file input03.txt (compact mmCIF, C-alpha atoms and all ligand atoms)
# COMPACT_ATOMS: atom_id res chain seq x y z
CA MET A 1 1.98 -4.96 142.75
CA LYS A 2 2.50 -1.67 140.91
CA GLY A 3 0.10 1.23 141.32
CA ALA A 4 -0.64 4.71 140.01
CA VAL A 5 -2.31 7.54 141.92
CA ILE A 6 -4.49 10.18 140.25
CA GLY A 7 -4.99 13.36 142.28
CA CYS A 8 -2.16 14.69 144.45
CA GLY A 9 -4.24 17.02 146.60
CA PHE A 10 -5.06 17.38 150.29
CA PHE A 11 -6.10 13.82 151.13
CA ALA A 12 -3.93 11.90 148.64
CA GLN A 13 -0.91 12.67 150.83
CA ASN A 14 -2.31 10.18 153.37
CA GLN A 15 -2.89 7.60 150.65
CA LEU A 16 0.68 8.01 149.37
CA GLU A 17 2.05 7.65 152.92
CA ALA A 18 -0.02 4.50 153.45
CA TRP A 19 1.10 2.93 150.16
CA ARG A 20 4.71 3.33 151.35
CA ASP A 21 3.82 1.23 154.42
CA ILE A 22 2.30 -1.68 152.49
CA ASP A 23 4.64 -4.56 151.67
CA GLY A 24 4.77 -5.61 148.04
CA VAL A 25 3.27 -2.37 146.65
CA GLU A 26 5.12 0.29 144.68
CA ILE A 27 3.57 3.50 143.34
CA VAL A 28 5.20 3.93 139.93
CA ALA A 29 3.21 6.84 138.43
CA LEU A 30 1.40 9.96 139.59
CA CYS A 31 -1.10 12.18 137.83
CA ASP A 32 -2.56 15.60 138.63
CA GLN A 33 -3.82 18.33 136.34
CA ASP A 34 -2.04 20.77 138.60
CA ALA A 35 1.68 20.46 137.74
CA GLU A 36 2.80 22.12 140.98
CA ARG A 37 0.94 19.63 143.17
CA LEU A 38 2.07 16.78 140.92
CA ASN A 39 5.73 17.68 141.25
CA ALA A 40 5.50 18.33 144.99
CA SER A 41 4.08 14.82 145.57
CA GLY A 42 6.44 13.26 143.01
CA SER A 43 9.45 14.70 144.84
CA ALA A 44 8.12 13.94 148.33
CA PHE A 45 7.39 10.31 147.49
CA GLY A 46 10.17 9.68 144.95
CA VAL A 47 7.91 8.91 141.98
CA GLU A 48 9.57 9.73 138.65
CA ARG A 49 6.74 9.08 136.17
CA ARG A 50 4.46 12.12 136.38
CA TYR A 51 1.48 13.05 134.19
CA THR A 52 -0.92 15.96 133.94
CA ASP A 53 -3.16 13.90 131.63
CA ALA A 54 -4.60 10.63 132.99
CA ALA A 55 -5.32 9.23 129.50
CA LYS A 56 -1.61 9.53 128.62
CA MET A 57 -0.65 7.75 131.85
CA PHE A 58 -2.99 4.84 131.04
CA ASP A 59 -1.66 4.71 127.44
CA GLU A 60 1.85 4.20 128.78
CA GLY A 61 0.59 1.68 131.39
CA GLY A 62 2.96 -0.45 133.46
CA PHE A 63 0.81 -0.68 136.61
CA ASP A 64 -1.74 -3.16 138.03
CA PHE A 65 -4.06 -0.77 139.88
CA VAL A 66 -5.01 2.87 140.04
CA ASP A 67 -5.95 4.84 143.15
CA ILE A 68 -8.27 7.72 142.20
CA ALA A 69 -7.97 10.51 144.78
CA THR A 70 -9.63 13.33 142.84
CA THR A 71 -12.89 15.06 143.77
CA VAL A 72 -16.18 13.51 142.67
CA GLY A 73 -16.71 15.37 139.37
CA SER A 74 -13.92 13.39 137.65
CA HIS A 75 -14.66 9.94 139.15
CA ARG A 76 -16.84 8.45 136.40
CA THR A 77 -14.51 9.46 133.56
CA LEU A 78 -11.43 8.19 135.39
CA VAL A 79 -13.01 4.88 136.49
CA GLU A 80 -14.15 4.24 132.92
CA ILE A 81 -10.69 4.95 131.46
CA ALA A 82 -9.13 2.71 134.14
CA ALA A 83 -11.55 -0.15 133.41
CA LYS A 84 -10.80 0.16 129.69
CA ALA A 85 -7.09 -0.04 130.52
CA GLY A 86 -7.78 -3.29 132.44
CA VAL A 87 -6.44 -2.31 135.89
CA HIS A 88 -7.90 -2.79 139.38
CA ILE A 89 -9.41 0.42 140.78
CA ILE A 90 -9.83 2.25 144.08
CA CYS A 91 -11.99 5.35 143.91
CA GLN A 92 -12.42 7.93 146.67
CA LYS A 93 -15.81 8.70 148.15
CA PRO A 94 -18.25 10.19 147.25
CA PHE A 95 -18.08 7.51 144.56
CA ALA A 96 -20.29 9.37 142.06
CA GLU A 97 -22.45 12.46 141.64
CA ASN A 98 -25.59 10.38 141.05
CA MET A 99 -26.81 6.78 141.03
CA ALA A 100 -26.75 6.44 137.22
CA ASP A 101 -23.04 7.30 137.11
CA ALA A 102 -22.30 4.97 140.03
CA ARG A 103 -24.09 2.04 138.38
CA ALA A 104 -22.24 2.67 135.10
CA MET A 105 -18.90 2.67 136.97
CA VAL A 106 -19.68 -0.64 138.69
CA ASP A 107 -20.70 -2.13 135.32
CA ALA A 108 -17.49 -0.87 133.66
CA ALA A 109 -15.27 -2.70 136.17
CA GLN A 110 -17.44 -5.82 136.17
CA THR A 111 -17.33 -6.04 132.37
CA VAL A 112 -13.53 -6.27 132.39
CA GLY A 113 -13.42 -8.49 135.51
CA LYS A 114 -11.38 -6.04 137.59
CA THR A 115 -11.74 -5.21 141.30
CA LEU A 116 -13.38 -1.87 142.09
CA MET A 117 -13.24 -0.65 145.70
CA VAL A 118 -14.56 2.63 147.06
CA HIS A 119 -12.22 4.29 149.56
CA GLU A 120 -14.99 4.30 152.20
CA ASN A 121 -12.64 4.20 155.16
CA PHE A 122 -14.64 5.26 158.23
CA ARG A 123 -15.94 1.74 158.96
CA TRP A 124 -12.25 0.68 158.91
CA GLN A 125 -11.28 2.99 161.80
CA SER A 126 -10.02 0.78 164.62
CA PRO A 127 -12.50 2.09 167.27
CA ILE A 128 -15.38 1.34 164.86
CA GLN A 129 -13.91 -2.10 164.10
CA ALA A 130 -13.74 -2.77 167.86
CA ALA A 131 -17.45 -1.93 168.19
CA LEU A 132 -18.31 -4.00 165.10
CA ASN A 133 -16.50 -7.00 166.59
CA VAL A 134 -18.55 -6.74 169.80
CA VAL A 135 -21.80 -6.56 167.82
CA LYS A 136 -20.79 -9.48 165.57
CA SER A 137 -19.81 -11.58 168.61
CA GLY A 138 -23.43 -11.47 169.82
CA THR A 139 -22.42 -10.19 173.29
CA ILE A 140 -25.16 -7.55 173.35
CA GLY A 141 -27.65 -9.78 171.51
CA LYS A 142 -29.61 -8.54 168.53
CA PRO A 143 -29.29 -4.74 168.09
CA PHE A 144 -32.69 -3.05 167.89
CA PHE A 145 -31.62 0.62 168.25
CA GLY A 146 -28.52 2.55 167.28
CA ARG A 147 -27.16 6.04 167.14
CA VAL A 148 -24.15 6.95 165.03
CA SER A 149 -23.18 10.51 165.73
CA PHE A 150 -20.59 12.93 164.34
CA ARG A 151 -20.85 16.47 165.77
CA SER A 152 -18.04 18.98 165.53
CA GLY A 153 -17.12 22.62 165.07
CA TYR A 154 -13.79 21.80 163.37
CA ASP A 155 -12.88 24.08 160.44
CA VAL A 156 -12.83 21.56 157.60
CA PHE A 157 -12.97 24.35 155.01
CA SER A 158 -9.37 25.49 155.53
CA GLY A 159 -7.97 22.18 154.21
CA GLN A 160 -10.81 21.47 151.78
CA PRO A 161 -12.15 24.85 150.54
CA TYR A 162 -14.36 23.15 147.91
CA LEU A 163 -16.57 21.84 150.75
CA ALA A 164 -17.92 25.39 151.28
CA GLU A 165 -18.87 25.79 147.62
CA GLY A 166 -21.20 22.93 146.70
CA LYS A 167 -25.01 23.01 146.94
CA ARG A 168 -24.68 19.82 148.99
CA PHE A 169 -22.28 19.52 151.89
CA ILE A 170 -22.52 17.45 155.04
CA ILE A 171 -24.57 14.42 153.93
CA GLU A 172 -22.62 14.03 150.69
CA ASP A 173 -19.15 14.54 152.20
CA LEU A 174 -19.30 13.34 155.81
CA GLY A 175 -22.74 11.83 156.33
CA ILE A 176 -21.88 9.29 153.63
CA HIS A 177 -19.26 7.83 156.01
CA ILE A 178 -21.62 7.84 158.98
CA LEU A 179 -24.42 6.21 156.97
CA ASP A 180 -21.91 3.56 155.86
CA ILE A 181 -21.01 2.87 159.52
CA SER A 182 -24.72 2.41 160.24
CA ARG A 183 -24.95 -0.10 157.36
CA ALA A 184 -21.89 -1.96 158.67
CA LEU A 185 -23.44 -2.19 162.16
CA PHE A 186 -27.13 -2.77 161.45
CA GLY A 187 -27.27 -4.01 157.86
CA ASP A 188 -29.03 -2.51 154.85
CA ALA A 189 -31.85 -0.03 155.25
CA THR A 190 -35.30 -0.06 153.73
CA GLN A 191 -36.28 3.57 154.37
CA ILE A 192 -34.96 6.88 155.64
CA ALA A 193 -36.35 10.16 156.99
CA ALA A 194 -34.17 13.27 157.31
CA THR A 195 -33.96 16.93 158.20
CA THR A 196 -31.17 19.33 157.22
CA ARG A 197 -30.10 22.84 158.28
CA ARG A 198 -27.44 25.33 157.26
CA ILE A 199 -26.08 27.15 160.32
CA ASN A 200 -22.80 28.53 158.93
CA PRO A 201 -23.76 31.51 156.68
CA ASN A 202 -20.46 31.36 154.79
CA ILE A 203 -21.11 28.06 153.02
CA ASN A 204 -23.62 27.00 150.38
CA GLY A 205 -24.69 23.55 151.55
CA GLU A 206 -26.24 22.06 154.67
CA ASP A 207 -23.97 21.62 157.69
CA VAL A 208 -26.42 19.79 159.97
CA ALA A 209 -28.31 16.60 159.11
CA THR A 210 -30.42 14.30 161.27
CA MET A 211 -31.48 11.01 159.70
CA MET A 212 -33.57 8.07 160.88
CA LEU A 213 -33.13 4.69 159.15
CA THR A 214 -35.26 1.56 159.28
CA HIS A 215 -33.10 -1.50 158.67
CA GLU A 216 -34.11 -4.76 156.96
CA ASN A 217 -33.67 -6.62 160.27
CA GLY A 218 -36.14 -4.28 162.01
CA ALA A 219 -33.52 -2.16 163.83
CA THR A 220 -33.87 1.63 163.87
CA SER A 221 -30.81 3.85 163.70
CA PHE A 222 -30.29 7.59 164.04
CA VAL A 223 -27.43 9.06 162.05
CA ASP A 224 -26.73 12.64 163.10
CA CYS A 225 -24.02 14.88 161.70
CA SER A 226 -23.06 18.46 162.35
CA TYR A 227 -20.19 20.80 161.55
CA ALA A 228 -21.93 23.60 163.48
CA THR A 229 -21.51 22.14 166.98
CA GLN A 230 -19.16 24.12 169.24
CA ARG A 231 -18.03 21.80 171.98
CA SER A 232 -15.11 21.34 174.26
CA PRO A 233 -13.25 19.10 174.08
CA GLU A 234 -13.66 19.08 170.30
CA THR A 235 -14.27 15.51 169.14
CA PHE A 236 -13.28 15.80 165.44
CA PRO A 237 -13.09 13.33 163.74
CA GLN A 238 -14.66 10.82 166.12
CA SER A 239 -17.86 8.95 165.29
CA LEU A 240 -19.70 8.16 168.53
CA LEU A 241 -21.96 5.14 168.95
CA GLU A 242 -24.82 4.06 171.15
CA ILE A 243 -26.32 0.62 170.52
CA ASP A 244 -29.09 -1.18 172.39
CA GLY A 245 -29.24 -4.93 171.89
CA THR A 246 -31.55 -7.60 173.29
CA LEU A 247 -28.85 -8.68 175.79
CA GLY A 248 -27.04 -5.42 176.57
CA THR A 249 -25.73 -2.10 175.33
CA LEU A 250 -22.60 -0.67 173.75
CA ARG A 251 -21.32 2.90 173.77
CA LEU A 252 -18.35 4.40 171.98
CA ASP A 253 -17.91 7.71 173.77
CA ALA A 254 -15.68 10.72 173.17
CA GLY A 255 -12.02 9.93 173.80
CA TYR A 256 -12.36 6.48 172.21
CA ARG A 257 -13.88 4.87 175.32
CA LEU A 258 -15.78 1.70 174.50
CA THR A 259 -18.27 0.52 177.14
CA VAL A 260 -20.12 -2.77 176.88
CA GLN A 261 -22.85 -3.45 179.43
CA THR A 262 -24.48 -6.84 179.82
CA GLU A 263 -24.77 -8.30 183.31
CA GLY A 264 -21.50 -6.56 184.14
CA GLU A 265 -19.72 -3.65 182.49
CA THR A 266 -16.41 -3.50 180.64
CA GLN A 267 -14.65 -0.31 179.59
CA THR A 268 -11.85 -0.39 177.04
CA ASP A 269 -9.62 2.32 175.61
CA VAL A 270 -9.86 1.79 171.84
CA SER A 271 -7.77 4.83 170.85
CA PRO A 272 -6.26 4.43 167.37
CA PRO A 273 -2.47 4.22 167.13
CA LEU A 274 -0.58 7.31 165.99
CA LEU A 275 1.23 6.16 162.82
CA PRO A 276 4.70 7.72 162.32
CA TRP A 277 3.43 9.96 159.51
CA ALA A 278 0.08 10.85 161.15
CA GLN A 279 -0.96 14.00 163.03
CA LYS A 280 -3.62 14.33 165.72
CA PRO A 281 -6.57 14.68 165.50
CA TRP A 282 -6.51 13.17 161.97
CA HIS A 283 -4.70 10.01 163.12
CA ASN A 284 -7.97 8.09 163.46
CA ILE A 285 -8.78 8.68 159.78
CA GLN A 286 -5.15 8.26 158.69
CA GLU A 287 -4.88 4.82 160.28
CA SER A 288 -8.04 3.71 158.46
CA VAL A 289 -6.46 4.74 155.14
CA LEU A 290 -3.67 2.24 155.72
CA THR A 291 -6.18 -0.44 156.81
CA ILE A 292 -8.48 -0.03 153.79
CA GLN A 293 -5.58 0.06 151.30
CA GLN A 294 -4.14 -3.12 152.87
CA HIS A 295 -7.63 -4.66 152.57
CA PHE A 296 -7.67 -3.84 148.84
CA VAL A 297 -4.29 -5.53 148.33
CA ASP A 298 -5.34 -8.57 150.40
CA CYS A 299 -8.57 -8.90 148.39
CA ILE A 300 -6.74 -8.80 145.07
CA ASN A 301 -4.19 -11.34 146.27
CA SER A 302 -6.89 -13.71 147.52
CA GLY A 303 -9.50 -13.11 144.80
CA ARG A 304 -12.10 -11.74 147.27
CA GLN A 305 -14.41 -8.76 146.80
CA PRO A 306 -13.56 -5.80 149.07
CA GLU A 307 -16.08 -5.14 151.82
CA THR A 308 -16.58 -1.63 150.47
CA SER A 309 -16.67 -2.63 146.80
CA GLY A 310 -18.26 -0.41 144.18
CA ALA A 311 -21.34 -2.67 144.18
CA ASP A 312 -21.60 -2.45 147.98
CA ASN A 313 -21.17 1.31 147.91
CA LEU A 314 -24.22 1.72 145.65
CA LYS A 315 -26.26 1.09 148.83
CA THR A 316 -24.45 3.78 150.82
CA LEU A 317 -24.78 6.22 147.92
CA ALA A 318 -28.50 5.39 147.66
CA LEU A 319 -28.88 6.38 151.33
CA VAL A 320 -27.26 9.75 150.56
CA GLU A 321 -29.64 10.37 147.64
CA ALA A 322 -32.63 9.20 149.69
CA ALA A 323 -31.65 11.44 152.63
CA TYR A 324 -31.59 14.53 150.38
CA MET A 325 -34.96 13.52 148.88
CA ALA A 326 -36.45 12.92 152.34
CA ALA A 327 -35.21 16.27 153.67
CA GLU A 328 -36.42 18.18 150.61
CA GLN A 329 -39.84 16.54 150.47
CA GLY A 330 -40.38 16.25 154.23
CA CYS A 331 -41.28 12.57 153.92
CA THR A 332 -39.88 9.10 154.48
CA VAL A 333 -38.18 7.71 151.36
CA SER A 334 -38.05 4.02 150.50
CA LEU A 335 -34.62 2.87 149.29
CA ALA A 336 -36.38 0.80 146.63
CA ASP A 337 -37.36 4.12 144.95
CA VAL A 338 -33.79 5.42 144.56
P1 LIG A 401 -8.18 18.26 146.49
O1 LIG A 401 -8.93 19.25 145.66
O2 LIG A 401 -7.25 18.78 147.53
O3 LIG A 401 -7.33 17.29 145.54
C1 LIG A 401 -7.83 16.76 144.36
C2 LIG A 401 -6.73 16.81 143.31
O4 LIG A 401 -7.19 16.13 142.15
C3 LIG A 401 -6.35 18.22 142.88
O5 LIG A 401 -4.96 18.41 143.06
C4 LIG A 401 -6.78 18.31 141.41
O6 LIG A 401 -5.91 19.09 140.62
C5 LIG A 401 -6.73 16.84 141.01
N1 LIG A 401 -7.61 16.49 139.88
C6 LIG A 401 -8.95 16.75 139.74
N2 LIG A 401 -9.43 16.21 138.61
C7 LIG A 401 -8.38 15.60 138.00
C8 LIG A 401 -8.23 14.85 136.78
N3 LIG A 401 -9.28 14.64 135.98
N4 LIG A 401 -7.01 14.38 136.48
C9 LIG A 401 -5.95 14.59 137.28
N5 LIG A 401 -6.03 15.29 138.45
C10 LIG A 401 -7.22 15.78 138.80
O7 LIG A 401 -9.27 17.31 147.11
P2 LIG A 401 -9.13 16.37 148.41
O8 LIG A 401 -9.58 17.13 149.60
O9 LIG A 401 -7.81 15.74 148.41
O10 LIG A 401 -10.29 15.31 148.12
C11 LIG A 401 -10.16 14.34 147.13
C12 LIG A 401 -11.21 13.28 147.34
O11 LIG A 401 -10.95 12.64 148.59
C13 LIG A 401 -12.63 13.82 147.44
O12 LIG A 401 -13.50 12.95 146.75
C14 LIG A 401 -12.92 13.84 148.94
O13 LIG A 401 -14.30 13.65 149.26
C15 LIG A 401 -12.12 12.65 149.39
N6 LIG A 401 -11.73 12.70 150.81
C16 LIG A 401 -11.86 11.55 151.49
C17 LIG A 401 -11.51 11.50 152.82
C18 LIG A 401 -11.68 10.19 153.55
O14 LIG A 401 -11.47 10.11 154.75
N7 LIG A 401 -12.03 9.14 152.85
C19 LIG A 401 -11.04 12.65 153.48
C20 LIG A 401 -10.88 13.81 152.71
C21 LIG A 401 -11.22 13.83 151.38
O1 LIG A 402 -13.64 12.26 155.32
C1 LIG A 402 -13.91 13.22 154.63
O2 LIG A 402 -14.47 13.03 153.60
C2 LIG A 402 -13.48 14.62 155.02
C3 LIG A 402 -13.89 15.07 156.40
C4 LIG A 402 -13.65 14.08 157.50
C5 LIG A 402 -13.13 16.33 156.72
O3 LIG A 402 -15.26 15.37 156.38
O4 LIG A 402 -13.98 15.52 154.06
call {"tool": "encode", "arguments": {"input": "input03.txt", "output": "structure tokens"}}
result
Amino acid sequence: MKGAVIGCGFFAQNQLEAWRDIDGVEIVALCDQDAERLNASGSAFGVERRYTDAAKMFDEGGFDFVDIATTVGSHRTLVEIAAKAGVHIICQKPFAENMADARAMVDAAQTVGKTLMVHENFRWQSPIQAALNVVKSGTIGKPFFGRVSFRSGYDVFSGQPYLAEGKRFIIEDLGIHILDISRALFGDATQIAATTRRINPNINGEDVATMMLTHENGATSFVDCSYATQRSPETFPQSLLEIDGTLGTLRLDAGYRLTVQTEGETQTDVSPPLLPWAQKPWHNIQESVLTIQQHFVDCINSGRQPETSGADNLKTLALVEAAYMAAEQGCTVSLADV
């Protein structure tokens, strides 16, 4: 399977590393508007075909899929060009700037019968997968309460300066992952309430968000995110879990400690492996990049829809939109209204 990558910035380096680890995949073309970044990645990963214009790259073709690793403003245009070119597509999160764009992107890929997956990788982190497997096994019964929590004081702005600039920050960039984990654990939501705060005076958007979701199955989950939490040890980029079920409880605590309590108690170390190209503390995220990209390849080879397909991601994106509406209006928002 031959692929092309658009966007050779901060995070794409992980995607390029992961593609090198996947059997049967070769990245044959790279694109970035910034020639310096393009050439740095082209040299580092030995990719000769390099483009500063995505349309030209698609015109010349010669690949089966495209991996879009640019920031959100370019996603709709690039997904639409890719669909027109008839290739399978992976698009980074946040998938789109608004629901109308996201729906149009899903339609574009469906019209040409190509796979569209959103690179929504947090649910693919191995500690989260371990917790999901316990929940799916029925060991703790039917979950009726959950907390999915990401609180950190890590300086994300040094690697991703654009995160300090937007009107929206933590729900759109990070909360989107944590909301998606809540969906993976408890199913789709019917309504959401939310509050937001900006603690860091040097950024434009909110850096604290507290959300409460009602799920279709009656469960309630709290999704809380903060980049203004000074704690030691720093837990970036761990998502912590607390789940109450009808037969027991599950906790994923700091340090990747998974505790399941029913009549007895089991504690397991679910630390993610440190891949040869990964660096702590990012290794948790980096491993999930390899897992989700392998999932994409497996889905194409077997004709399945990816778990985090474009159509699926519309529901995660709707939660993001609803959370901003709920916080702004001070009310609970029904997902049916988004
Ligand atoms: P970045 O700004 O470092 O890199 C983006 C690159 O895309 C830049 O080099 C830019 O020149 C290029 N680009 C933009 N528009 C283009 C276009 N139309 N054609 C060609 N090149 C174009 O950004 P980043 O931090 O690497 O983030 C990229 C995306 O990855 C964002 O959507 C971000 O939210 C996401 N991200 C995801 C994770 C995750 O765990 N899933 C982590 C970090 C970032
Ligand atoms: O995953 C992300 O989208 C990143 C980070 C984990 C730093 O928030 O922006």
call {"tool": "residues_around", "arguments": {"input": "input03.txt", "residues": "region 94-105 of chain A", "least_positions_apart": "5", "cutoff": "9 Å", "atoms": "all atoms listed in the file", "output": "list in words"}}
result
Thr71, Val72, Gly73, Ser74, His75, Arg76, Thr77, Val79, Glu80, Ala83, Gln110, Leu116, Val118, His119, Glu120, Glu172, Asp173, Ile176, Gly310, Ala311, Asn313, Leu314, Leu317, Ala318, Glu321 and Val338 of chain A
call {"tool": "residues_around", "arguments": {"input": "input03.txt", "residues": "His215 (chain A)", "least_positions_apart": "5", "cutoff": "6 Å", "atoms": "only C-alpha atoms", "output": "ChimeraX atom specification"}}
result
/A:188-190
call {"tool": "write_last_selection", "arguments": {"input": "input03.txt", "atoms": "C-alpha atoms", "output": "mmCIF file, in the coordinates of the input"}}
result
data_model
loop_
_atom_site.group_PDB
_atom_site.id
_atom_site.type_symbol
_atom_site.label_atom_id
_atom_site.label_comp_id
_atom_site.auth_asym_id
_atom_site.auth_seq_id
_atom_site.Cartn_x
_atom_site.Cartn_y
_atom_site.Cartn_z
ATOM 1 C CA ASP A 188 -29.030 -2.510 154.850
ATOM 2 C CA ALA A 189 -31.850 -0.030 155.250
ATOM 3 C CA THR A 190 -35.300 -0.060 153.730
#
call {"tool": "closest_residue", "arguments": {"input": "input03.txt", "among": "A:Ala228, A:Ile6, A:Ile192, A:Ala131", "to": "Ile90 (chain A)", "atoms": "only C-alpha atoms"}}
result
A:Ile6
call {"tool": "closest_atom_pairs", "arguments": {"input": "input03.txt", "of": "chain A", "to": "ligand LIG 402 (chain A)", "cutoff": "10 Å", "atoms": "all atoms listed in the file", "output": "CSV"}}
result
residue,atom,partner,partner_atom,distance
A:Phe10,CA,A:LIG402,O4,9.9
A:Phe11,CA,A:LIG402,C2,8.4
A:Gln92,CA,A:LIG402,O2,8.8
A:Lys93,CA,A:LIG402,O2,7.1
A:Pro94,CA,A:LIG402,O2,7.9
A:His119,CA,A:LIG402,O2,9.9
A:Glu120,CA,A:LIG402,O1,8.7
A:Asn121,CA,A:LIG402,O1,8.1
A:Phe122,CA,A:LIG402,O1,7.6
A:Phe150,CA,A:LIG402,C4,9.8
A:Tyr154,CA,A:LIG402,C5,8.6
A:Asp155,CA,A:LIG402,C5,8.6
A:Val156,CA,A:LIG402,C5,5.3
A:Phe157,CA,A:LIG402,C5,8.2
A:Ser158,CA,A:LIG402,C5,10.0
A:Gly159,CA,A:LIG402,C5,8.2
A:Gln160,CA,A:LIG402,O4,7.1
A:Tyr162,CA,A:LIG402,O4,9.8
A:Leu163,CA,A:LIG402,O4,7.6
A:Phe169,CA,A:LIG402,O3,9.3
A:Ile170,CA,A:LIG402,O3,7.7
A:Ile171,CA,A:LIG402,O3,9.7
A:Glu172,CA,A:LIG402,O2,8.7
A:Asp173,CA,A:LIG402,O2,5.1
A:Leu174,CA,A:LIG402,O3,4.6
A:Gly175,CA,A:LIG402,O3,8.3
A:Ile176,CA,A:LIG402,O2,8.3
A:His177,CA,A:LIG402,O1,7.2
A:Ile178,CA,A:LIG402,O1,9.8
A:Tyr227,CA,A:LIG402,O3,9.0
A:Phe236,CA,A:LIG402,C4,8.1
A:Pro237,CA,A:LIG402,C4,6.3
A:Gln238,CA,A:LIG402,C4,9.3
A:Trp282,CA,A:LIG402,C4,8.5
A:Ile285,CA,A:LIG402,O1,7.5
A:Gln286,CA,A:LIG402,O1,10.0
call {"tool": "residues_around", "arguments": {"input": "input03.txt", "residues": "region 22-31 of chain A", "least_positions_apart": "5", "cutoff": "6 Å", "atoms": "all atoms listed in the file", "output": "PyMOL selection string"}}
result
chain A and resi 1-6+49-52
call {"tool": "atom_distance", "arguments": {"input": "input03.txt", "atom1": "CA of Phe296 (chain A)", "atom2": "CA of Lys84 (chain A)"}}
result
19.8 Å
call {"tool": "atom_distance", "arguments": {"input": "input03.txt", "atom1": "CA of Gly138 (chain A)", "atom2": "CA of Ala336 (chain A)"}}
result
29.3 Å
call {"tool": "closest_residue", "arguments": {"input": "input03.txt", "among": "A:Asp21, A:Asp269, A:Asp64, A:Glu287", "to": "ligand LIG 401 (chain A)", "atoms": "only C-alpha atoms and all ligand atoms"}}
result
A:Glu287
call {"tool": "closest_residue", "arguments": {"input": "input03.txt", "among": "A:Val112, A:Leu319, A:Ala184, A:Met211", "to": "Ser334 (chain A)", "atoms": "only C-alpha atoms"}}
result
A:Leu319
call {"tool": "closest_residue", "arguments": {"input": "input03.txt", "among": "A:Arg123, A:Arg37, A:Arg198, A:Lys136", "to": "ligand LIG 401 (chain A)", "atoms": "only C-alpha atoms and all ligand atoms"}}
result
A:Arg37
call {"tool": "axis_aligned_box", "arguments": {"input": "input03.txt", "around": "ligand LIG 401 (chain A)", "padding_each_side": "6 Å", "output": "JSON"}}
result
{"center_x": -9.6, "center_y": 14.2, "center_z": 145.4, "size_x": 21.3, "size_y": 22.1, "size_z": 30.8}
call {"tool": "residues_around", "arguments": {"input": "input03.txt", "residues": "Ala219 (chain A)", "least_positions_apart": "5", "cutoff": "8 Å", "atoms": "all atoms listed in the file", "output": "JSON list (two decimals) with C-alpha atoms, in the frame of the given file"}}
result
[["chain", "number", "residue", "atom", "x", "y", "z"],
["A", 143, "PRO", "CA", -29.29, -4.74, 168.09],
["A", 144, "PHE", "CA", -32.69, -3.05, 167.89],
["A", 145, "PHE", "CA", -31.62, 0.62, 168.25],
["A", 146, "GLY", "CA", -28.52, 2.55, 167.28],
["A", 186, "PHE", "CA", -27.13, -2.77, 161.45],
["A", 214, "THR", "CA", -35.26, 1.56, 159.28]]
